[in-house]
$ cat coords21.cif   # mmCIF, C-alpha atoms
data_input
#
loop_
_atom_site.label_atom_id
_atom_site.label_comp_id
_atom_site.auth_asym_id
_atom_site.auth_seq_id
_atom_site.Cartn_x
_atom_site.Cartn_y
_atom_site.Cartn_z
CA PHE P 1 172.26 -67.97 74.91
CA TRP P 2 171.95 -66.88 71.27
CA GLU P 3 175.53 -67.97 70.69
CA ASP P 4 174.76 -71.54 71.78
CA ASP P 5 173.50 -72.18 68.24
CA PRO P 6 175.68 -70.39 65.63
CA ARG P 7 173.10 -71.16 62.94
CA ARG P 8 170.87 -68.43 64.38
CA GLU P 9 173.29 -65.72 63.32
CA ARG P 10 173.86 -67.32 59.92
CA ARG P 11 170.14 -67.38 59.16
CA LEU P 12 169.33 -63.88 60.42
CA GLU P 13 168.87 -62.60 56.87
CA LEU P 14 166.44 -65.47 56.22
CA THR P 15 164.61 -64.68 59.45
CA ARG P 16 164.05 -61.10 58.28
CA ARG P 17 162.73 -62.40 54.95
CA VAL P 18 160.33 -64.73 56.76
CA TRP P 19 159.05 -61.79 58.82
CA MET P 20 158.18 -59.93 55.62
CA LEU P 21 156.40 -63.04 54.26
CA ARG P 22 154.90 -64.18 57.58
CA ILE P 23 151.25 -64.23 56.48
CA SER P 24 152.07 -66.04 53.24
CA LEU P 25 153.96 -68.68 55.21
CA ALA P 26 151.08 -69.10 57.66
CA LYS P 27 148.56 -69.53 54.82
CA HIS P 28 150.83 -72.00 53.03
CA LEU P 29 151.19 -74.13 56.15
CA PHE P 30 147.44 -74.06 56.78
CA MET P 31 146.73 -75.36 53.27
CA LYS P 32 149.44 -78.03 53.47
CA TYR P 33 148.23 -79.24 56.87
CA ALA P 34 144.75 -79.62 55.36
CA GLU P 35 146.16 -81.92 52.68
CA LEU P 36 147.62 -84.37 55.19
CA GLY P 37 145.86 -87.64 55.89
CA ILE P 38 144.01 -88.02 59.17
CA ASP P 39 146.82 -90.11 60.68
CA GLU P 40 149.65 -88.46 58.76
CA LYS P 41 152.17 -86.33 60.62
CA PRO P 42 154.41 -83.76 58.91
CA ASP P 43 158.09 -84.68 58.79
CA CYS P 44 161.11 -82.37 58.60
CA PHE P 45 160.82 -82.19 54.79
CA PHE P 46 157.29 -80.78 55.14
CA PHE P 47 158.64 -77.69 56.88
CA CYS P 48 161.74 -77.37 54.70
CA ASP P 49 159.51 -77.46 51.63
CA ALA P 50 157.40 -74.64 53.11
CA LEU P 51 160.48 -72.42 53.31
CA LYS P 52 161.41 -73.30 49.75
CA ALA P 53 157.92 -72.56 48.42
CA VAL P 54 157.26 -69.29 50.25
CA VAL P 55 160.67 -67.74 50.88
CA GLY P 56 162.59 -69.25 47.98
CA VAL P 57 165.21 -71.02 50.09
CA SER P 58 167.46 -73.44 48.20
CA ASP P 59 168.48 -76.94 49.25
CA GLU P 60 171.98 -75.63 49.86
CA GLU P 61 170.66 -72.96 52.22
CA ILE P 62 168.54 -75.51 54.07
CA SER P 63 171.62 -77.68 54.60
CA ARG P 64 173.78 -74.75 55.70
CA LEU P 65 171.26 -73.08 57.98
CA PHE P 66 169.43 -75.99 59.57
CA CYS P 67 171.03 -79.40 59.15
CA VAL P 68 173.64 -81.02 61.35
CA ASN P 69 176.57 -82.34 59.31
CA GLY P 70 174.48 -81.98 56.16
CA ASN P 71 171.94 -84.55 57.34
CA PRO P 72 168.41 -83.40 56.34
CA THR P 73 166.75 -85.70 58.89
CA SER P 74 168.50 -83.76 61.67
CA SER P 75 167.05 -80.47 60.46
CA ASP P 76 165.38 -78.20 63.02
CA CYS P 77 163.19 -76.69 60.31
CA ARG P 78 160.09 -77.82 62.19
CA LYS P 79 160.90 -75.74 65.26
CA TYR P 80 162.01 -72.77 63.15
CA VAL P 81 159.03 -72.72 60.77
CA THR P 82 156.42 -73.23 63.51
CA GLY P 83 157.58 -70.22 65.51
CA GLY P 84 161.31 -70.29 66.14
CA TRP P 85 161.87 -67.76 63.38
CA LEU P 86 159.70 -65.21 65.24
CA GLU P 87 161.63 -65.71 68.47
CA GLU P 88 164.88 -65.13 66.60
CA TYR P 89 163.48 -62.06 64.85
CA VAL P 90 162.29 -60.45 68.08
CA TYR P 91 165.61 -61.29 69.74
CA SER P 92 167.46 -59.53 66.90
CA LEU P 93 165.42 -56.37 67.58
CA LEU P 94 165.96 -56.53 71.33
CA ARG P 95 169.69 -57.04 70.79
CA GLU P 96 169.88 -53.50 69.44
CA LEU P 97 168.61 -52.26 72.80
CA VAL P 98 171.38 -54.17 74.56
CA LYS P 99 173.86 -52.19 72.48
CA GLU P 100 172.14 -48.98 73.60
CA LYS P 101 172.23 -50.18 77.24
CA VAL P 102 168.46 -49.91 77.50
CA ILE P 103 168.19 -53.58 78.48
CA TYR P 104 170.55 -56.19 79.93
CA ASP P 105 170.95 -59.96 80.37
CA LEU P 106 169.07 -60.81 77.16
CA ARG P 107 168.37 -64.52 76.67
CA ILE P 108 166.47 -66.59 74.11
CA GLY P 109 164.62 -69.84 74.83
CA MET P 110 165.30 -69.62 78.54
CA ILE P 111 163.99 -72.42 80.75
CA VAL P 112 162.99 -71.33 84.25
CA ALA P 113 162.73 -73.88 87.05
CA PRO P 114 161.83 -73.55 90.76
CA LEU P 115 164.44 -73.42 93.46
CA GLU P 116 164.94 -76.43 95.68
CA SER P 117 167.18 -75.99 98.70
CA GLY P 118 168.84 -73.05 97.03
CA VAL P 119 169.69 -75.00 93.86
CA THR P 120 167.80 -74.62 90.57
CA ALA P 121 165.95 -77.82 89.74
CA VAL P 122 166.90 -79.32 86.40
CA MET P 123 164.59 -82.31 86.11
CA PRO P 124 161.92 -81.90 83.39
CA GLU P 125 159.05 -82.55 85.81
CA ASN P 126 160.18 -79.57 87.88
CA MET P 127 160.37 -77.12 85.01
CA THR P 128 157.71 -74.46 85.14
CA GLY P 129 158.28 -72.58 81.93
CA GLU P 130 160.29 -71.85 78.82
CA PHE P 131 160.27 -68.24 77.71
CA ASP P 132 160.97 -67.07 74.18
CA CYS P 133 163.00 -64.03 75.27
CA VAL P 134 163.96 -62.80 78.72
CA PHE P 135 165.81 -59.65 79.79
CA THR P 136 166.00 -57.01 82.51
CA ASP P 137 165.97 -53.24 82.33
CA GLY P 138 168.38 -53.05 85.24
CA TRP P 139 165.83 -53.60 87.98
CA ARG P 140 162.80 -55.41 86.53
CA LEU P 141 162.39 -58.75 84.81
CA TRP P 142 160.78 -58.75 81.36
CA LEU P 143 159.30 -61.85 79.71
CA VAL P 144 158.53 -61.96 75.99
CA GLU P 145 156.25 -64.48 74.32
CA CYS P 146 156.08 -64.78 70.53
CA LYS P 147 152.92 -66.15 68.91
CA THR P 148 152.32 -67.23 65.32
CA LEU P 149 148.64 -67.48 66.27
CA ARG P 150 146.39 -64.76 67.60
CA ILE P 151 146.85 -63.50 71.15
CA SER P 152 143.98 -64.81 73.27
CA GLN P 153 142.53 -64.27 76.73
CA GLU P 154 144.37 -67.41 77.82
CA THR P 155 147.67 -66.04 76.48
CA ILE P 156 147.31 -62.90 78.59
CA GLN P 157 146.34 -64.83 81.72
CA LYS P 158 149.31 -67.16 81.30
CA MET P 159 151.69 -64.21 80.96
CA ASP P 160 150.17 -62.52 84.02
CA THR P 161 150.70 -65.68 86.06
CA ASN P 162 154.28 -66.18 84.90
CA LEU P 163 155.15 -62.57 85.71
CA LYS P 164 153.88 -62.94 89.27
CA ILE P 165 155.67 -66.26 89.79
CA HIS P 166 159.02 -65.41 88.23
CA GLY P 167 159.35 -61.65 88.48
CA GLY P 168 157.09 -60.43 91.26
CA ALA P 169 154.92 -57.34 91.29
CA LEU P 170 157.27 -55.21 89.18
CA ALA P 171 157.83 -57.68 86.33
CA LYS P 172 156.59 -56.81 82.83
CA GLY P 173 155.61 -58.89 79.82
CA ILE P 174 155.44 -58.34 76.07
CA LEU P 175 153.26 -60.43 73.76
CA VAL P 176 154.24 -60.40 70.08
CA SER P 177 152.03 -61.95 67.41
CA ILE P 178 152.11 -62.05 63.63
CA ARG P 179 148.36 -61.44 63.76
CA HIS P 180 146.75 -58.06 64.33
CA LEU P 181 145.38 -57.43 67.81
CA SER P 182 141.60 -57.58 67.96
CA SER P 183 139.64 -54.78 69.62
CA TYR P 184 138.65 -57.24 72.38
CA ILE P 185 142.28 -58.12 73.13
CA LYS P 186 143.29 -54.45 73.15
CA LYS P 187 140.56 -53.77 75.71
CA ARG P 188 141.52 -56.87 77.72
CA LEU P 189 145.12 -55.69 77.91
CA THR P 190 143.99 -52.51 79.66
CA PHE P 191 143.09 -54.72 82.64
CA SER P 192 146.61 -56.21 82.72
CA PRO P 193 148.89 -53.17 83.08
CA SER P 194 151.98 -55.38 83.35
CA VAL P 195 151.40 -56.94 79.91
CA TYR P 196 151.90 -55.18 76.60
CA GLY P 197 150.53 -56.49 73.31
CA VAL P 198 152.41 -55.65 70.14
CA ASP P 199 150.67 -55.26 66.80
CA PRO P 200 152.92 -56.61 64.01
CA ARG P 201 152.42 -53.46 61.96
CA ALA P 202 154.13 -51.46 64.71
CA LEU P 203 156.87 -53.89 65.74
CA SER P 204 160.27 -52.21 65.63
CA VAL P 205 163.30 -51.48 67.80
CA ASP P 206 161.97 -48.00 68.56
CA MET P 207 158.54 -49.29 69.54
CA LEU P 208 160.04 -51.88 71.92
CA LYS P 209 162.23 -49.17 73.38
CA GLU P 210 159.20 -46.98 74.06
CA ILE P 211 157.42 -49.82 75.86
CA ILE P 212 160.41 -50.61 78.04
CA LEU P 213 161.14 -46.99 78.93
CA GLY P 214 157.45 -46.38 79.63
CA ARG P 215 156.98 -43.57 77.15
#
$ encode --input "coords21.cif" --output "structure tokens"
Amino acid sequence: FWEDDPRRERRLELTRRVWMLRISLAKHLFMKYAELGIDEKPDCFFFCDALKAVVGVSDEEISRLFCVNGNPTSSDCRKYVTGGWLEEYVYSLLRELVKEKVIYDLRIGMIVAPLESGVTAVMPENMTGEFDCVFTDGWRLWLVECKTLRISQETIQKMDTNLKIHGGALAKGILVSIRHLSSYIKKRLTFSPSVYGVDPRALSVDMLKEIILGR
């Protein structure tokens, strides 16, 4: 549930700012990754510094929005900067459609596991997927995957498979990327009628509503 982490609501304004600066953030991270040594791994400060440099976030904001008990080493900046912000942004748009009663049962970061003897398996080895956003329109399951990289053939195939496994023939999927959809991917999507690709230039509450209502 969104409410499981109250920091999500507190940083919603930041999340909207990151969306506006998404390409700048991606370029900054690419350059900083290139500067790392061959055996060097980025720590939590690496990602916090990216937010400071690109979005202008202060140390106080980092502490308030990400750290646990003010401890910078407990920061979840890594998860947020590498894609969590996009999941939270898309969730915030979908939440408006919950208010309009267009969709129901909206979840973020939902882990789906197979059933064993009528009980959902909880062991990690039995988990079959974690989905960025999940909801229903009252009778169909919808899965949403958010990508900070380009949508690929493999991305579409994976979504197709997950829809069949978890939602059946009527399930639908939405792929959201910060990168523009290539002409090849647009054509490929025509062969997967259950999967919709969203160009970032068109992403909005109204556009998501049109997809879900089939307009």
$ residues_around --input "coords21.cif" --residues "P:Leu97" --least-positions-apart "6" --cutoff "12 Å" --atoms "all atoms listed in the file" --output "PyMOL selection string"
chain P and resi 90-91+103-106+135-137+204-213
$ closest_residue --input "coords21.cif" --among "P:Asp43, P:Glu100, P:Glu87, P:Glu154" --to "P:Thr15" --atoms "all atoms listed in the file"
P:Glu87
$ closest_residue --input "coords21.cif" --among "P:Phe30, P:Phe47, P:Phe66, P:Trp139" --to "P:Gly168" --atoms "all atoms listed in the file"
P:Trp139
$ closest_residue --input "coords21.cif" --among "P:Cys77, P:Val102, P:Ala53, P:Ile178" --to "P:Arg22" --atoms "only C-alpha atoms"
P:Ile178
$ resolve_selection --input "coords21.cif" --expression "the PyMOL selection byres ((chain P and resi 152) around 12)" --output "VMD selection string"
chain P and resid 147 to 151 153 to 159 175 to 177 179 to 189 197
$ closest_residue --input "coords21.cif" --among "P:Asn69, P:Ser24, P:Ser63, P:Ser194" --to "P:Asp160" --atoms "only C-alpha atoms"
P:Ser194
$ atom_distance --input "coords21.cif" --atom1 "atom CA of P:Tyr33" --atom2 "atom CA of P:Gly56"
19.6 Å
$ atom_distance --input "coords21.cif" --atom1 "atom CA of P:Leu141" --atom2 "atom CA of P:Gly167"
5.6 Å
$ atom_distance --input "coords21.cif" --atom1 "atom CA of P:Met110" --atom2 "atom CA of P:Ala202"
25.4 Å
$ resolve_selection --input "coords21.cif" --expression "the PyMOL selection byres ((chain P and resi 64) around 12)" --output "number ranges by chain"
P: 6-11, 14, 57-63, 65-72, 75-77
$ write_last_selection --input "coords21.cif" --atoms "C-alpha atoms" --output "PDB file, in the frame of the given file"
ATOM      1  CA  PRO P   6     175.680 -70.390  65.630  1.00  0.00           C
ATOM      2  CA  ARG P   7     173.100 -71.160  62.940  1.00  0.00           C
ATOM      3  CA  ARG P   8     170.870 -68.430  64.380  1.00  0.00           C
ATOM      4  CA  GLU P   9     173.290 -65.720  63.320  1.00  0.00           C
ATOM      5  CA  ARG P  10     173.860 -67.320  59.920  1.00  0.00           C
ATOM      6  CA  ARG P  11     170.140 -67.380  59.160  1.00  0.00           C
ATOM      7  CA  LEU P  14     166.440 -65.470  56.220  1.00  0.00           C
ATOM      8  CA  VAL P  57     165.210 -71.020  50.090  1.00  0.00           C
ATOM      9  CA  SER P  58     167.460 -73.440  48.200  1.00  0.00           C
ATOM     10  CA  ASP P  59     168.480 -76.940  49.250  1.00  0.00           C
ATOM     11  CA  GLU P  60     171.980 -75.630  49.860  1.00  0.00           C
ATOM     12  CA  GLU P  61     170.660 -72.960  52.220  1.00  0.00           C
ATOM     13  CA  ILE P  62     168.540 -75.510  54.070  1.00  0.00           C
ATOM     14  CA  SER P  63     171.620 -77.680  54.600  1.00  0.00           C
ATOM     15  CA  LEU P  65     171.260 -73.080  57.980  1.00  0.00           C
ATOM     16  CA  PHE P  66     169.430 -75.990  59.570  1.00  0.00           C
ATOM     17  CA  CYS P  67     171.030 -79.400  59.150  1.00  0.00           C
ATOM     18  CA  VAL P  68     173.640 -81.020  61.350  1.00  0.00           C
ATOM     19  CA  ASN P  69     176.570 -82.340  59.310  1.00  0.00           C
ATOM     20  CA  GLY P  70     174.480 -81.980  56.160  1.00  0.00           C
ATOM     21  CA  ASN P  71     171.940 -84.550  57.340  1.00  0.00           C
ATOM     22  CA  PRO P  72     168.410 -83.400  56.340  1.00  0.00           C
ATOM     23  CA  SER P  75     167.050 -80.470  60.460  1.00  0.00           C
ATOM     24  CA  ASP P  76     165.380 -78.200  63.020  1.00  0.00           C
ATOM     25  CA  CYS P  77     163.190 -76.690  60.310  1.00  0.00           C
TER      26      CYS P  77
END
$ resolve_selection --input "coords21.cif" --expression "the PyMOL selection byres ((chain P and resi 165) around 12)" --output "list in words"
Val112, Ala113, Pro114, Leu115, Thr128, Gly129, Leu141, Leu143, Lys158, Met159, Asp160, Thr161, Asn162, Leu163, Lys164, His166, Gly167, Gly168, Ala169, Leu170, Ala171 and Lys172 of chain P
$ closest_residue --input "coords21.cif" --among "P:Leu93, P:Thr82, P:Phe45, P:His28" --to "P:Leu12" --atoms "only C-alpha atoms"
P:Leu93
$ closest_residue --input "coords21.cif" --among "P:Leu94, P:Leu51, P:Ile38, P:Phe1" --to "P:Leu21" --atoms "only C-alpha atoms"
P:Leu51
